[in-house]
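The next block is model_34.cif, given as mmCIF, C-alpha atoms.
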data_data
#
loop_
_atom_site.group_PDB
_atom_site.id
_atom_site.type_symbol
_atom_site.label_atom_id
_atom_site.label_comp_id
_atom_site.auth_asym_id
_atom_site.auth_seq_id
_atom_site.Cartn_x
_atom_site.Cartn_y
_atom_site.Cartn_z
ATOM 1 C CA MET F 27 67.416 -32.393 -3.835
ATOM 2 C CA PRO F 28 65.011 -34.595 -5.805
ATOM 3 C CA ALA F 29 63.301 -37.454 -3.994
ATOM 4 C CA ALA F 30 64.775 -40.943 -4.572
ATOM 5 C CA ARG F 31 62.674 -42.836 -7.086
ATOM 6 C CA HIS F 32 62.530 -46.370 -8.395
ATOM 7 C CA GLY F 33 60.561 -46.899 -11.571
ATOM 8 C CA ASP F 34 58.228 -44.046 -10.865
ATOM 9 C CA VAL F 35 57.550 -44.980 -7.285
ATOM 10 C CA ASP F 36 58.638 -42.365 -4.801
ATOM 11 C CA LEU F 37 60.904 -44.275 -2.430
ATOM 12 C CA THR F 38 60.471 -41.619 0.219
ATOM 13 C CA ASP F 39 56.703 -42.123 0.251
ATOM 14 C CA PRO F 40 55.948 -45.178 2.410
ATOM 15 C CA GLU F 41 52.329 -45.307 1.245
ATOM 16 C CA ALA F 42 53.380 -45.455 -2.422
ATOM 17 C CA GLN F 43 55.889 -48.198 -1.610
ATOM 18 C CA THR F 44 53.315 -50.268 0.247
ATOM 19 C CA ARG F 45 50.818 -49.917 -2.596
ATOM 20 C CA SER F 46 53.418 -50.847 -5.193
ATOM 21 C CA ARG F 47 54.436 -53.925 -3.206
ATOM 22 C CA ALA F 48 50.789 -54.952 -2.770
ATOM 23 C CA LEU F 49 50.118 -54.537 -6.484
ATOM 24 C CA ASN F 50 53.224 -56.529 -7.376
ATOM 25 C CA GLN F 51 52.156 -59.307 -5.020
ATOM 26 C CA PHE F 52 48.640 -59.327 -6.428
ATOM 27 C CA LEU F 53 49.759 -59.441 -10.053
ATOM 28 C CA ALA F 54 52.354 -62.125 -9.324
ATOM 29 C CA GLY F 55 49.594 -64.179 -7.687
ATOM 30 C CA VAL F 56 47.174 -63.986 -10.607
ATOM 31 C CA GLU F 57 49.409 -63.861 -13.675
ATOM 32 C CA LEU F 58 49.751 -67.612 -14.317
ATOM 33 C CA LYS F 59 46.079 -68.329 -13.716
ATOM 34 C CA ALA F 60 45.067 -65.364 -15.846
ATOM 35 C CA PHE F 61 47.312 -66.612 -18.620
ATOM 36 C CA LYS F 62 45.737 -70.073 -18.403
ATOM 37 C CA ILE F 63 42.229 -68.602 -18.548
ATOM 38 C CA ALA F 64 43.129 -66.397 -21.524
ATOM 39 C CA GLN F 65 44.852 -69.281 -23.266
ATOM 40 C CA ALA F 66 41.807 -71.536 -22.820
ATOM 41 C CA ALA F 67 39.610 -68.846 -24.386
ATOM 42 C CA LEU F 68 41.911 -67.672 -27.171
ATOM 43 C CA ARG F 69 43.800 -70.917 -27.857
ATOM 44 C CA HIS F 70 46.835 -68.890 -28.795
ATOM 45 C CA GLU F 71 49.790 -68.332 -26.485
ATOM 46 C CA ASP F 72 50.905 -64.907 -27.725
ATOM 47 C CA ASP F 73 47.357 -63.554 -27.835
ATOM 48 C CA ALA F 74 46.837 -64.819 -24.289
ATOM 49 C CA LEU F 75 50.023 -63.082 -23.151
ATOM 50 C CA ASP F 76 48.929 -59.847 -24.819
ATOM 51 C CA ALA F 77 45.523 -60.037 -23.160
ATOM 52 C CA VAL F 78 47.048 -60.561 -19.702
ATOM 53 C CA GLN F 79 49.565 -57.768 -20.252
ATOM 54 C CA ASP F 80 46.838 -55.328 -21.310
ATOM 55 C CA ALA F 81 44.710 -56.282 -18.320
ATOM 56 C CA MET F 82 47.654 -55.731 -15.945
ATOM 57 C CA LEU F 83 48.404 -52.334 -17.449
ATOM 58 C CA GLN F 84 44.823 -51.187 -17.344
ATOM 59 C CA LEU F 85 44.364 -52.302 -13.754
ATOM 60 C CA ALA F 86 47.570 -50.517 -12.736
ATOM 61 C CA ARG F 87 46.686 -47.320 -14.589
ATOM 62 C CA ALA F 88 43.044 -47.054 -13.681
ATOM 63 C CA TYR F 89 42.468 -48.933 -10.451
ATOM 64 C CA ALA F 90 45.733 -49.049 -8.489
ATOM 65 C CA ASP F 91 44.261 -46.562 -6.002
ATOM 66 C CA ARG F 92 41.243 -48.773 -5.317
ATOM 67 C CA PRO F 93 41.183 -51.043 -2.240
ATOM 68 C CA ALA F 94 43.239 -54.204 -2.848
ATOM 69 C CA GLN F 95 40.269 -56.514 -2.237
ATOM 70 C CA GLU F 96 38.559 -55.028 -5.307
ATOM 71 C CA TRP F 97 41.478 -55.789 -7.604
ATOM 72 C CA LYS F 98 40.720 -59.423 -8.358
ATOM 73 C CA PRO F 99 37.180 -59.077 -9.780
ATOM 74 C CA LEU F 100 38.242 -55.869 -11.544
ATOM 75 C CA PHE F 101 41.277 -57.539 -13.077
ATOM 76 C CA TYR F 102 39.291 -60.515 -14.353
ATOM 77 C CA ARG F 103 36.596 -58.206 -15.687
ATOM 78 C CA ILE F 104 39.217 -56.265 -17.653
ATOM 79 C CA LEU F 105 40.776 -59.512 -18.856
ATOM 80 C CA GLU F 106 37.402 -60.823 -19.969
ATOM 81 C CA ASN F 107 36.703 -57.639 -21.952
ATOM 82 C CA ARG F 108 40.118 -57.870 -23.569
ATOM 83 C CA ILE F 109 39.562 -61.527 -24.508
ATOM 84 C CA ARG F 110 36.186 -60.654 -26.015
ATOM 85 C CA ASP F 111 37.729 -57.814 -28.042
ATOM 86 C CA MET F 112 40.419 -60.140 -29.379
ATOM 87 C CA GLN F 113 37.869 -62.806 -30.278
ATOM 88 C CA ARG F 114 35.752 -60.246 -32.143
ATOM 89 C CA ARG F 115 38.788 -58.920 -33.987
ATOM 90 C CA ARG F 116 39.814 -62.447 -34.873
ATOM 91 C CA THR F 117 36.330 -63.188 -36.251
ATOM 92 C CA VAL F 118 36.442 -60.071 -38.439
ATOM 93 C CA ARG F 119 39.982 -60.881 -39.598
ATOM 94 C CA GLY F 120 38.895 -64.439 -40.388
ATOM 95 C CA ARG F 121 36.047 -63.149 -42.544
ATOM 96 C CA VAL F 122 38.351 -60.793 -44.432
ATOM 97 C CA ILE F 123 41.018 -63.442 -44.968
ATOM 98 C CA ALA F 124 38.378 -65.877 -46.225
ATOM 99 C CA TRP F 125 37.786 -63.487 -49.160
ATOM 100 C CA LEU F 126 41.438 -63.297 -50.159
ATOM 101 C CA PRO F 127 42.495 -65.492 -53.111
ATOM 102 C CA PHE F 128 45.746 -66.586 -51.445
ATOM 103 C CA ARG F 129 46.330 -66.850 -47.746
ATOM 104 C CA GLY F 130 49.405 -68.175 -46.031
ATOM 105 C CA ASP F 131 49.143 -69.618 -42.542
ATOM 106 C CA GLU F 132 50.908 -67.190 -40.199
ATOM 107 C CA ASP F 133 51.503 -69.904 -37.653
ATOM 108 C CA ASP F 134 52.812 -72.359 -40.175
ATOM 109 C CA GLU F 135 56.319 -72.365 -38.774
ATOM 110 C CA GLU F 136 58.671 -75.309 -38.588
ATOM 111 C CA PRO F 137 58.401 -76.839 -35.124
ATOM 112 C CA ASP F 138 61.502 -76.493 -32.989
ATOM 113 C CA PRO F 139 62.992 -80.024 -32.909
ATOM 114 C CA ILE F 140 64.565 -79.404 -29.509
ATOM 115 C CA ALA F 141 61.302 -78.216 -28.002
ATOM 116 C CA GLN F 142 59.489 -81.167 -29.579
ATOM 117 C CA ALA F 143 61.962 -83.775 -28.342
ATOM 118 C CA PRO F 144 60.677 -85.953 -25.492
ATOM 119 C CA SER F 145 62.396 -85.455 -22.178
ATOM 120 C CA PRO F 146 65.127 -88.117 -21.662
ATOM 121 C CA GLU F 147 64.211 -88.414 -17.985
ATOM 122 C CA PRO F 148 61.680 -91.139 -17.267
ATOM 123 C CA GLN F 149 58.530 -89.706 -15.738
ATOM 124 C CA PRO F 150 57.260 -91.194 -12.516
ATOM 125 C CA PRO F 151 53.821 -92.826 -12.893
ATOM 126 C CA ARG F 152 52.057 -90.265 -10.704
ATOM 127 C CA ARG F 153 53.434 -87.405 -12.734
ATOM 128 C CA LEU F 154 52.473 -89.143 -15.951
ATOM 129 C CA GLU F 155 48.941 -89.616 -14.680
ATOM 130 C CA LEU F 156 48.684 -85.937 -13.876
ATOM 131 C CA GLU F 157 50.074 -84.981 -17.260
ATOM 132 C CA GLN F 158 47.419 -87.084 -18.956
ATOM 133 C CA ALA F 159 44.720 -85.631 -16.730
ATOM 134 C CA VAL F 160 45.877 -82.098 -17.561
ATOM 135 C CA GLY F 161 45.696 -82.864 -21.275
ATOM 136 C CA ALA F 162 42.217 -84.396 -20.980
ATOM 137 C CA LEU F 163 40.849 -81.563 -18.857
ATOM 138 C CA GLU F 164 42.327 -78.863 -21.088
ATOM 139 C CA LYS F 165 40.815 -80.528 -24.140
ATOM 140 C CA ALA F 166 37.406 -80.813 -22.469
ATOM 141 C CA LEU F 167 37.601 -77.210 -21.276
ATOM 142 C CA GLY F 168 38.437 -76.074 -24.794
ATOM 143 C CA GLU F 169 35.187 -77.608 -26.019
ATOM 144 C CA LEU F 170 33.010 -75.816 -23.463
ATOM 145 C CA PRO F 171 31.005 -72.751 -24.487
ATOM 146 C CA ARG F 172 32.909 -69.591 -23.551
ATOM 147 C CA ARG F 173 30.747 -68.505 -20.596
ATOM 148 C CA GLN F 174 30.716 -71.986 -19.071
ATOM 149 C CA GLN F 175 34.463 -72.258 -19.472
ATOM 150 C CA GLN F 176 34.926 -68.864 -17.852
ATOM 151 C CA ALA F 177 32.637 -69.611 -14.899
ATOM 152 C CA PHE F 178 34.358 -72.938 -14.303
ATOM 153 C CA LEU F 179 37.907 -71.525 -14.442
ATOM 154 C CA LEU F 180 37.178 -68.464 -12.321
ATOM 155 C CA ARG F 181 35.567 -70.655 -9.704
ATOM 156 C CA THR F 182 37.782 -73.718 -9.750
ATOM 157 C CA LEU F 183 41.178 -72.331 -10.719
ATOM 158 C CA GLU F 184 40.994 -68.808 -9.324
ATOM 159 C CA GLY F 185 38.678 -69.612 -6.423
ATOM 160 C CA LEU F 186 36.347 -66.628 -6.846
ATOM 161 C CA ASP F 187 32.983 -66.789 -5.069
ATOM 162 C CA VAL F 188 29.655 -66.267 -6.856
ATOM 163 C CA ALA F 189 29.547 -62.504 -6.342
ATOM 164 C CA GLN F 190 33.141 -62.027 -7.493
ATOM 165 C CA THR F 191 32.614 -64.324 -10.477
ATOM 166 C CA ALA F 192 29.471 -62.390 -11.424
ATOM 167 C CA ALA F 193 31.396 -59.104 -11.175
ATOM 168 C CA ALA F 194 34.217 -60.511 -13.286
ATOM 169 C CA MET F 195 31.851 -61.903 -15.909
ATOM 170 C CA GLY F 196 29.545 -58.899 -15.925
ATOM 171 C CA CYS F 197 26.396 -60.935 -15.339
ATOM 172 C CA SER F 198 24.031 -61.855 -12.519
ATOM 173 C CA GLN F 199 24.860 -64.366 -9.806
ATOM 174 C CA GLY F 200 22.053 -66.560 -11.126
ATOM 175 C CA SER F 201 23.739 -66.695 -14.535
ATOM 176 C CA VAL F 202 27.030 -67.650 -12.905
ATOM 177 C CA LYS F 203 25.363 -70.562 -11.134
ATOM 178 C CA THR F 204 23.732 -71.717 -14.352
ATOM 179 C CA HIS F 205 26.940 -71.518 -16.402
ATOM 180 C CA TYR F 206 28.917 -73.258 -13.696
ATOM 181 C CA PHE F 207 26.361 -76.039 -13.268
ATOM 182 C CA ARG F 208 26.261 -76.707 -17.014
ATOM 183 C CA ALA F 209 30.053 -76.674 -17.227
ATOM 184 C CA LEU F 210 30.278 -79.261 -14.465
ATOM 185 C CA GLN F 211 27.662 -81.443 -16.144
ATOM 186 C CA ARG F 212 29.475 -81.410 -19.474
ATOM 187 C CA LEU F 213 32.898 -82.009 -17.977
ATOM 188 C CA ARG F 214 31.595 -84.915 -15.901
ATOM 189 C CA ALA F 215 29.905 -86.395 -18.945
ATOM 190 C CA GLN F 216 33.136 -86.139 -20.902
ATOM 191 C CA LEU F 217 35.700 -87.064 -18.290
ATOM 192 C CA GLY F 218 33.730 -89.293 -15.935
ATOM 193 C CA GLU F 219 34.120 -89.076 -12.171
ATOM 194 C CA PHE F 220 37.725 -88.632 -12.688
ATOM 195 C CA TYR F 221 41.115 -89.437 -11.673
ATOM 196 C CA VAL F 222 43.991 -88.115 -9.603
ATOM 197 C CA MET Q 23 26.703 -80.578 -7.906
ATOM 198 C CA SER Q 24 27.993 -78.246 -5.268
ATOM 199 C CA ALA Q 25 26.319 -74.865 -5.298
ATOM 200 C CA VAL Q 26 28.938 -72.332 -6.230
ATOM 201 C CA ASN Q 27 29.639 -71.161 -2.677
ATOM 202 C CA GLU Q 28 29.316 -74.587 -1.045
ATOM 203 C CA PRO Q 29 32.223 -76.941 -0.364
ATOM 204 C CA LEU Q 30 33.677 -78.480 -3.517
ATOM 205 C CA THR Q 31 32.768 -81.982 -4.625
ATOM 206 C CA GLN Q 32 35.457 -84.580 -5.244
ATOM 207 C CA PHE Q 33 35.240 -83.896 -8.964
ATOM 208 C CA GLU Q 34 35.851 -80.179 -8.441
ATOM 209 C CA ARG Q 35 38.708 -80.797 -6.029
ATOM 210 C CA ASN Q 36 40.325 -83.128 -8.554
ATOM 211 C CA ALA Q 37 39.839 -80.614 -11.309
ATOM 212 C CA ARG Q 38 41.512 -77.947 -9.189
ATOM 213 C CA VAL Q 39 44.525 -80.185 -8.554
ATOM 214 C CA VAL Q 40 44.829 -80.855 -12.277
ATOM 215 C CA LEU Q 41 44.492 -77.189 -13.192
ATOM 216 C CA GLU Q 42 47.125 -76.211 -10.650
ATOM 217 C CA GLN Q 43 49.343 -78.873 -12.144
ATOM 218 C CA SER Q 44 48.815 -77.296 -15.552
ATOM 219 C CA LEU Q 45 50.148 -74.004 -14.176
ATOM 220 C CA SER Q 46 53.428 -75.657 -13.291
ATOM 221 C CA ARG Q 47 53.790 -76.703 -16.935
ATOM 222 C CA ILE Q 48 53.909 -73.105 -18.133
ATOM 223 C CA ASP Q 49 57.325 -72.638 -19.719
ATOM 224 C CA GLY Q 50 60.094 -70.247 -18.753
ATOM 225 C CA ARG Q 51 59.647 -67.962 -21.753
ATOM 226 C CA THR Q 52 55.992 -67.346 -20.897
ATOM 227 C CA ARG Q 53 56.808 -66.802 -17.224
ATOM 228 C CA SER Q 54 59.486 -64.313 -18.198
ATOM 229 C CA ARG Q 55 57.092 -62.390 -20.451
ATOM 230 C CA LEU Q 56 54.465 -62.321 -17.715
ATOM 231 C CA ASN Q 57 57.081 -60.987 -15.325
ATOM 232 C CA GLN Q 58 58.008 -58.245 -17.803
ATOM 233 C CA ALA Q 59 54.335 -57.374 -18.227
ATOM 234 C CA ARG Q 60 53.979 -57.115 -14.445
ATOM 235 C CA GLN Q 61 56.994 -54.790 -14.187
ATOM 236 C CA ALA Q 62 55.574 -52.610 -16.960
ATOM 237 C CA ALA Q 63 52.248 -52.431 -15.114
ATOM 238 C CA LEU Q 64 53.999 -51.451 -11.876
ATOM 239 C CA GLU Q 65 55.867 -48.701 -13.733
ATOM 240 C CA ALA Q 66 52.570 -47.492 -15.164
ATOM 241 C CA ALA Q 67 51.016 -47.440 -11.695
ATOM 242 C CA GLY Q 68 54.021 -45.517 -10.355
ATOM 243 C CA ALA Q 69 53.778 -42.996 -13.163
ATOM 244 C CA ARG Q 70 50.341 -42.014 -11.944
ATOM 245 C CA ARG Q 71 50.362 -38.996 -9.641
ATOM 246 C CA PRO Q 72 48.432 -39.078 -6.396
ATOM 247 C CA ALA Q 73 44.954 -37.600 -6.367
ATOM 248 C CA TRP Q 74 46.021 -34.396 -4.584
ATOM 249 C CA TRP Q 75 48.701 -33.854 -7.234
ATOM 250 C CA ARG Q 76 46.243 -34.391 -10.074
ATOM 251 C CA SER Q 77 43.863 -31.857 -8.522
ATOM 252 C CA LEU Q 78 46.781 -29.439 -8.141
ATOM 253 C CA THR Q 79 47.623 -29.678 -11.844
ATOM 254 C CA LEU Q 80 44.034 -28.673 -12.643
ATOM 255 C CA MET Q 81 44.372 -25.457 -10.614
ATOM 256 C CA PRO Q 82 45.503 -23.143 -13.490
ATOM 257 C CA THR Q 83 42.612 -24.249 -15.692
ATOM 258 C CA VAL Q 84 40.077 -23.911 -12.911
ATOM 259 C CA GLY Q 85 41.559 -20.521 -11.927
ATOM 260 C CA ALA Q 86 41.386 -19.178 -15.488
ATOM 261 C CA ALA Q 87 37.791 -20.339 -15.882
ATOM 262 C CA ALA Q 88 36.828 -18.732 -12.559
ATOM 263 C CA ALA Q 89 38.515 -15.441 -13.533
ATOM 264 C CA ALA Q 90 36.724 -15.399 -16.902
ATOM 265 C CA LEU Q 91 33.416 -16.029 -15.162
ATOM 266 C CA LEU Q 92 34.085 -13.229 -12.674
ATOM 267 C CA VAL Q 93 34.876 -10.725 -15.467
ATOM 268 C CA ALA Q 94 31.734 -11.760 -17.337
ATOM 269 C CA VAL Q 95 29.580 -11.281 -14.222
ATOM 270 C CA VAL Q 96 31.107 -7.854 -13.457
ATOM 271 C CA LEU Q 97 30.586 -6.617 -17.036
ATOM 272 C CA TRP Q 98 27.042 -7.901 -17.060
ATOM 273 C CA HIS Q 99 26.155 -6.005 -13.903
ATOM 274 C CA ARG Q 100 27.812 -2.744 -15.045
ATOM 275 C CA GLN Q 101 25.691 -2.663 -18.188
ATOM 276 C CA PRO Q 102 22.310 -0.960 -17.405
ATOM 277 C CA ALA Q 103 19.415 -3.129 -18.469
ATOM 278 C CA GLY Q 104 17.493 -2.051 -21.576
ATOM 279 C CA GLU Q 105 20.164 0.368 -22.865
ATOM 280 C CA PRO Q 106 21.802 -0.751 -26.109
ATOM 281 C CA PRO Q 107 25.545 -1.238 -25.846
ATOM 282 C CA VAL Q 108 27.633 1.675 -27.099
ATOM 283 C CA LEU Q 109 30.457 0.714 -29.393
ATOM 284 C CA GLU Q 110 33.969 2.000 -28.867
ATOM 285 C CA ALA Q 111 34.154 3.138 -32.524
ATOM 286 C CA GLN Q 112 31.067 5.299 -32.082
ATOM 287 C CA HIS Q 113 32.673 7.012 -29.094
ATOM 288 C CA ALA Q 114 35.768 7.809 -31.153
ATOM 289 C CA GLU Q 115 33.714 9.266 -34.027
ATOM 290 C CA ASP Q 116 31.800 11.544 -31.672
ATOM 291 C CA MET Q 117 35.037 12.770 -30.141
ATOM 292 C CA ASP Q 118 36.472 13.617 -33.606
ATOM 293 C CA LEU Q 119 33.347 15.549 -34.532
ATOM 294 C CA LEU Q 120 33.396 17.583 -31.336
ATOM 295 C CA ALA Q 121 37.099 18.362 -31.705
ATOM 296 C CA ASP Q 122 36.695 19.590 -35.323
ATOM 297 C CA SER Q 123 34.866 23.013 -35.013
ATOM 298 C CA GLU Q 124 34.800 23.621 -38.814
ATOM 299 C CA ALA Q 125 32.937 20.406 -39.380
ATOM 300 C CA LEU Q 126 30.316 21.526 -36.870
ATOM 301 C CA GLU Q 127 29.855 24.874 -38.670
ATOM 302 C CA LEU Q 128 29.535 23.134 -42.000
ATOM 303 C CA LEU Q 129 26.915 20.896 -40.481
ATOM 304 C CA ASP Q 130 24.971 23.910 -39.155
ATOM 305 C CA GLY Q 131 24.984 25.694 -42.583
ATOM 306 C CA TRP Q 132 24.058 22.619 -44.598
ATOM 307 C CA ASP Q 133 22.152 23.627 -47.750
ATOM 308 C CA GLY Q 134 21.190 20.527 -49.585
ATOM 309 C CA PRO Q 135 19.005 21.975 -52.420
ATOM 310 C CA PHE Q 136 21.765 24.466 -53.420
ATOM 311 C CA TYR Q 137 24.348 21.710 -53.851
ATOM 312 C CA GLU Q 138 21.891 19.616 -55.886
ATOM 313 C CA TRP Q 139 21.180 22.615 -58.206
ATOM 314 C CA ALA Q 140 24.933 23.387 -58.632
ATOM 315 C CA THR Q 141 25.659 19.774 -59.583
ATOM 316 C CA ALA Q 142 22.827 19.790 -62.150
ATOM 317 C CA GLN Q 143 24.189 23.016 -63.685
ATOM 318 C CA THR Q 144 27.652 21.522 -64.076
ATOM 319 C CA ASP Q 145 26.189 18.434 -65.776
ATOM 320 C CA ASN Q 146 24.214 20.658 -68.233
ATOM 321 C CA VAL Q 147 27.281 22.722 -69.202
ATOM 322 C CA GLN Q 148 29.292 19.533 -69.899
ATOM 323 C CA SER Q 149 26.514 18.016 -72.087
ATOM 324 C CA ASP Q 150 26.092 21.307 -74.053
ATOM 325 C CA GLY Q 151 29.865 21.606 -74.681
#
Before we go any further, please render this structure as structure tokens.
Amino acid sequence: MPAARHGDVDLTDPEAQTRSRALNQFLAGVELKAFKIAQAALRHEDDALDAVQDAMLQLARAYADRPAQEWKPLFYRILENRIRDMQRRRTVRGRVIAWLPFRGDEDDEEPDPIAQAPSPEPQPPRRLELEQAVGALEKALGELPRRQQQAFLLRTLEGLDVAQTAAAMGCSQGSVKTHYFRALQRLRAQLGEFYV
Amino acid sequence: MSAVNEPLTQFERNARVVLEQSLSRIDGRTRSRLNQARQAALEAAGARRPAWWRSLTLMPTVGAAAAALLVAVVLWHRQPAGEPPVLEAQHAEDMDLLADSEALELLDGWDGPFYEWATAQTDNVQSDG
């Protein structure tokens, strides 16, 4: 009689079940932050989703057997590589398109009027303040150089330490400190000693 | 500034609050797609076989390579050093020669100059005619 399986996880193998649960928990914990980091770098929602999906798949295929504490820096390293690949491809595509005599804007779609409509519910002042702060911070982050942006988000949003951030960024701990320090300086200069 | 592993400054704490707030603004469609991506990744992880299974699947290849190596080593050692290899075809030719007694007699009575003279005579008769 064949063993009971779910997905491709052998339900009769407790070790496989535990690992699958741990991986699910890990990915669920990082997916939103990873999406935010990818979105800040790529400035395109679908590209960011693709990057996160690829990173999840690669981690699961290549590193699921590794100890769970290694997953986070590995995952962000994979994500970073994926983002860099997409940025390079986009640069090349941009150069090619620039040579074409006619080019339509792929993203030039009619905005969805329902999605664009303001919410009828009045927003409480605190919430409104936060919304404004989110907008300001996202804009300022978008203007940071890539490595500074990455160091800041991995540290502040994901909470990685220096060693983990260095592993994720593929650089030395000294470089992480420098990028992070410069990011903080620029954000402070732009946003002031801010809010919330 | 706070060094990267030191406690966060007020600015950094505020930034973290704001960034976490931005996560809550991620829409349902994106969350759903991320969830699908996660399920696909879990399937991919499940599709991987454990290490012992992967090593087991390599057994036939490793076995065949080991057998080929063993045969090569045995043949190498059976061949006396310095003696040129004898071809199978040569063996067969020798056997045919030994089995055919008439061929051996013909070989013993070989008279090359006579056959050359007879051929020359035939050529002369044809050219005269």
Would you kindly translate the PyMOL selection byres ((chain Q) within 12 of (chain F)) into the concrete residues it picks from this file, as a PyMOL selection string? chain Q and resi 23-73
So, with all atoms listed in the file as the atoms that count, which of F:Asn107, F:Gln190, F:Gln175, F:Thr117 lies closest to Arg212 in chain F? F:Gln175
Atomic separation - CA of Cys197 in chain F relative to CA of Gln216 in chain F, Å: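 Spanning CA of Gln216 in chain F to CA of Cys197 in chain F is a straight-line distance of 26.7 Å.
Here CA of Ala94 in chain F is placed at a distance of 21.3 Å from CA of Ile63 in chain F.
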Length of the CA of Phe101 in chain F to CA of Ala64 in chain F vector [Å]: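 CA of Ala64 in chain F lies at a distance of 12.4 Å from CA of Phe101 in chain F.
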Taking (40.8, -57.1, -28.6) in the file's own coordinates, collect the residues within 12 Å, counting all atoms listed in the file, and hand them back as a ChimeraX atom specification. /F:64,68,73-74,76-78,80-81,104-119
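If only C-alpha atoms are the atoms counted, then among F:Leu170, F:Leu180, F:His70, F:Arg121 the closest residue to Tyr102 in chain F is F:Leu180.
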Here is a test: counting only C-alpha atoms, which residue of F:Ala215, F:Val122, F:Ala193, F:Ala67 is nearest to Pro99 in chain F?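 Nearest to Pro99 in chain F: F:Ala193.
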